[in-house]
Amino acid sequence: MISVQNLVKRYGSKVAVDGVSFEVDRGEVVGFLGPNGAGKSTTLRILAGFLGLTSGKVVVAGHDIQAESFEARQKIGYMPEAVPLYTEMRVVEYLAFRAELKRVPRRDRTAFVEDAMKKANVDDVANVLIGHLSKGYRQRVGLADALVARPPLLVLDEPTAGLDPNQIREVREVIKNLGKEQTVLLSTHILSEVEASCSRVVVIAKGKLVAQGTMEELQKKRRPAGLTVVVRGALEPALTAARGVEGISKVEVVETAVSHREPGVHELRCGWGKKLADDAVSRAVEQVVAALVSAGLAVREVRARRSSLEEVFAELTAGERAAAEEAS
Amino acid sequence: MSSFWPIFKRELFAFFVTPLAWVLITVFLLVQGMHFFLLVDHFASVGQAASDQTPLQAFFGNTVLLYVVLFLLVPPMTMRLFAEERRSGTIESLMTAPVSSVAVVLAKYGAVLTTYLAMWAPTALYLVILRQTGDVDLHVAASAYLGVLLVGATYLAIGLLMSAITKSQFLALVLTALLVLALFILGVGEFVTKEGTLMHAICAHVSVWAHMNDFASGIVDSRRLVFYLSVSGLCLFTTVRAVDAWRWS
């Protein structure tokens with residue numbers, strides 16, 4: 001559905017997108033992930049035919065975006081990041097205008113507009129001036145606009161930006177349903193967004209592609225970061241016991257509310273070498289608990305700490321920073 | 001070009017829902033009405049024989065009032081066409097729909113030109129009023145209105161181009177006003193430069209003032225047609241190029 005090969009976009013001397021290549025297949029919901037300023041919007045704008053590209057090749061639904069821009073634009077429902085709308089129009093007027101602009105035949109127009117309003121949950125404000133709508137509604141009007149001509153491909157630039165949690169959940173629900181019939185490429189800088197709606201993810205940072213794959217593949221990059229245990233008893237033997245376990249690289253005492261309230265209760269944070277495999281991690285957890293118990297300590301709580309997707313993301317997008325932290 | 005109609009209709013809609021449109025039209029018709037009243041009053045008191053002009057000629061020609069009105073009217077009409085869409089970002093939705101730059105430019109131009117003609121339309125009533133009391137040469141009237149159309153079309157094309165090259169409506173307004181004024185002043189140069197010089201020839205050729213006087217007397221000179229059509233065409237062409245150029249900025 002989308003094929004991007006070696007896409008480069010320069011603004012003067014500044015390189016916004018630097019040799020990005022990825023594919024999106026029919027029927028996929030793909031998350032386009034990256035921190036702010038990574039070049040997400042620029043890439044999507046090029047896909048949508050709003051910006052020209054410096055070099056590379058972009059094919060959308062079988063049409064080269066440069067040679068057949070017109071045909072390509074007809075296949076895309078694009079929702080820009082800022083969701084620009086004509087505020088002086090009513091929702092239904094605006095969508096009818098957009099449907100006509102996108103060449104929906106006259107006899108289908110009313111039905112298509114109503115259908116899009118229903119799918120995007122804006123049918124209750126059909127006759128309200130867009131200027132009077134809240135941010136959440138405007139966002140969904142933008143979504144309805146992307147849907148109205150029933151394009152095979154939807155390109156949504158940060159569809160949930162600026163919404164409250166309830167609205168986010170609603171929009172995600174809409175996107176999930178859309179994914180059943182259409183191919184969707186959506187950009188975001190929020191990982192949980194991708195987890196909630198996407199089957200695959202493409203990660204870019206500083207204009208470069210840093211990772212892509214299914215959610216499972218990305219999940220695998222989540223490493224168990226360590227182990228937190230709460231014990232009651234003498235601190236020194238506990239530290240010695242924990243440090244003695246194979247695979248544990250460092251053990252720290254953490255001051256918590258509990259340890260302040262109850263003397264003799266300590267929270268220990270154990271970290272392990274980065275290369276530890278999953279089963280080795282499980283074994284290390286068992287061994288830490290066993291060692292602590294045999295050292296005469298009462299174990300109250302054991303928590304495995306996994307690095308969050310956010311941490312994986314931070315690592316992927318800022319490789320050098322993570323490396324620096326690891327070295328210290 | 002099938003994207004022409006929806007954009008054309010939306011532009012008209014967008015203009016007429018703003019109070020600005022109605023203010024402009026009201027002021028325009030008030031000024032023209034007063035102009036007409038004073039002329040008729042004047043002709044009624046001195047008598048037709050005392051003048052070598054008809055009221056119609058005096059209304060359209062040999063008057064600065066026409067340009068003052070256009071100078072005040074055209075810039076606010078054209079300033080928002082592209083500048084507003086670029087400032088608010090709606091240009092992104094517009095240009096990512098399957099539309100061609102030519103259709104967008106022509107639709108916006110067509111809409112503003114239609115508005116301009118709609119403003120002038122009520123002045124046709126003056127002809128009806130004049131015919132109650134005397135003869136009106138309809139050929140001269142047609143020629144005068146052709147002049148109004150050509151001058152307006154050119155000014156509006158200049159305004160459209162100015163709106164396309166800036167994101168600020170205010171800057172578009174100022175630039176348009178300056179260019180319209182500059183073109184007029186260049187024309188006035190006809191009277192201050194020495195006859196026979198190149199400068200004089202240029203000034204005479206672009207003199208909106210002199211052109212309108214001709215049109216108002218029923219003279220349709222093909223050089224004038226070529227001048228206005230080519231300036232409008234050049235502005236429209238440059239606007240299309242400017243719109244295409246945003247993709248690369």
# chains A, B, ... in the order shown; residues from 1 in each chain; ligands from 1
>>> closest_atom_pairs(of="region 63-166 of chain B", to="region 61-70 of chain A", cutoff="10 Å", atoms="only C-alpha atoms", output="tab-separated table")
residue	atom	partner	partner_atom	distance
B:Thr96	CA	A:Phe70	CA	9.1
B:Ala97	CA	A:Phe70	CA	8.4
B:Pro98	CA	A:Phe70	CA	5.4
B:Val99	CA	A:Phe70	CA	7.1
B:Ser100	CA	A:Phe70	CA	7.7
>>> interface_residues(of="chain B", to="chain A", cutoff="9 Å", atoms="only C-alpha atoms", output="list in words")
Ser2, Ser3, Phe4, Trp5, Pro6, Ile7, Arg10, Phe13, Ala14, Val17, Thr18, Glu85, Ser88, Gly89, Thr90, Ile91, Glu92, Ser93, Leu94, Met95, Thr96, Ala97, Pro98, Val99, Ser100, Trp246, Arg247, Trp248 and Ser249 of chain B
>>> residues_around(residues="region 119-128 of chain A", least_positions_apart="4", cutoff="6 Å", atoms="only C-alpha atoms", output="VMD selection string")
chain A and resid 90 to 92 140 144
>>> select_by_dssp(residues="region 121-286 of chain A", states="strand (DSSP E or B)", output="ChimeraX atom specification")
/A:129,153-157,183-188,200-205,208-214,224-232,248-254,265-272
>>> residues_around(residues="Ser143 (chain B)", least_positions_apart="5", cutoff="8 Å", atoms="only C-alpha atoms", output="PyMOL selection string")
chain B and resi 215-220
>>> closest_residue(among="A:Ala234, A:Glu23, A:Val8, A:Ala16", to="Gln212 (chain A)", atoms="only C-alpha atoms")
A:Glu23
>>> atom_distance(atom1="CA of Leu297 (chain A)", atom2="CA of Glu267 (chain A)")
12.2 Å
>>> atom_distance(atom1="CA of Asp157 (chain A)", atom2="CA of Phe32 (chain A)")
8.9 Å
>>> closest_residue(among="A:Ala38, A:Ala284, A:Ala111, A:Ile2", to="Lys208 (chain A)", atoms="only C-alpha atoms")
A:Ala38
>>> select_by_dssp(residues="region 7-112 of chain A", states="helix (DSSP H, G or I)", output="PyMOL selection string")
chain A and resi 40-47+69-75+91-101+106-112
>>> write_last_selection(atoms="C-alpha atoms", output="CSV table (one decimal), in the first residue's frame")
chain,number,residue,atom,x,y,z
A,40,LYS,CA,7.3,12.1,11.4
A,41,SER,CA,5.1,14.9,10.1
A,42,THR,CA,7.5,15.7,7.3
A,43,THR,CA,7.4,12.1,6.1
A,44,LEU,CA,3.6,12.0,6.3
A,45,ARG,CA,3.3,15.3,4.5
A,46,ILE,CA,5.4,13.9,1.7
A,47,LEU,CA,3.2,10.8,1.6
A,69,SER,CA,0.5,12.8,-7.4
A,70,PHE,CA,-3.1,13.3,-8.4
A,71,GLU,CA,-4.0,9.6,-8.4
A,72,ALA,CA,-2.0,9.0,-5.3
A,73,ARG,CA,-3.8,11.8,-3.4
A,74,GLN,CA,-7.1,10.2,-4.4
A,75,LYS,CA,-6.3,7.0,-2.6
A,91,VAL,CA,-19.7,20.1,10.2
A,92,VAL,CA,-22.0,18.7,7.6
A,93,GLU,CA,-21.3,21.5,5.2
A,94,TYR,CA,-17.6,21.1,5.6
A,95,LEU,CA,-17.7,17.3,5.0
A,96,ALA,CA,-20.0,17.7,2.0
A,97,PHE,CA,-17.5,20.2,0.6
A,98,ARG,CA,-14.6,17.8,1.2
A,99,ALA,CA,-16.5,14.9,-0.3
A,100,GLU,CA,-17.1,17.0,-3.4
A,101,LEU,CA,-13.5,18.0,-3.5
A,106,ARG,CA,-23.1,13.5,-6.3
A,107,ARG,CA,-25.6,10.7,-5.6
A,108,ASP,CA,-23.3,9.1,-3.0
A,109,ARG,CA,-22.3,12.3,-1.2
A,110,THR,CA,-25.0,12.5,1.4
A,111,ALA,CA,-24.6,8.8,2.3
A,112,PHE,CA,-20.8,9.0,2.5
>>> closest_residue(among="B:Val64, B:Pro75, B:Ala157, B:Leu234", to="Val174 (chain B)", atoms="only C-alpha atoms")
B:Pro75
>>> atom_distance(atom1="CA of Ala83 (chain B)", atom2="CA of Leu117 (chain B)")
22.7 Å
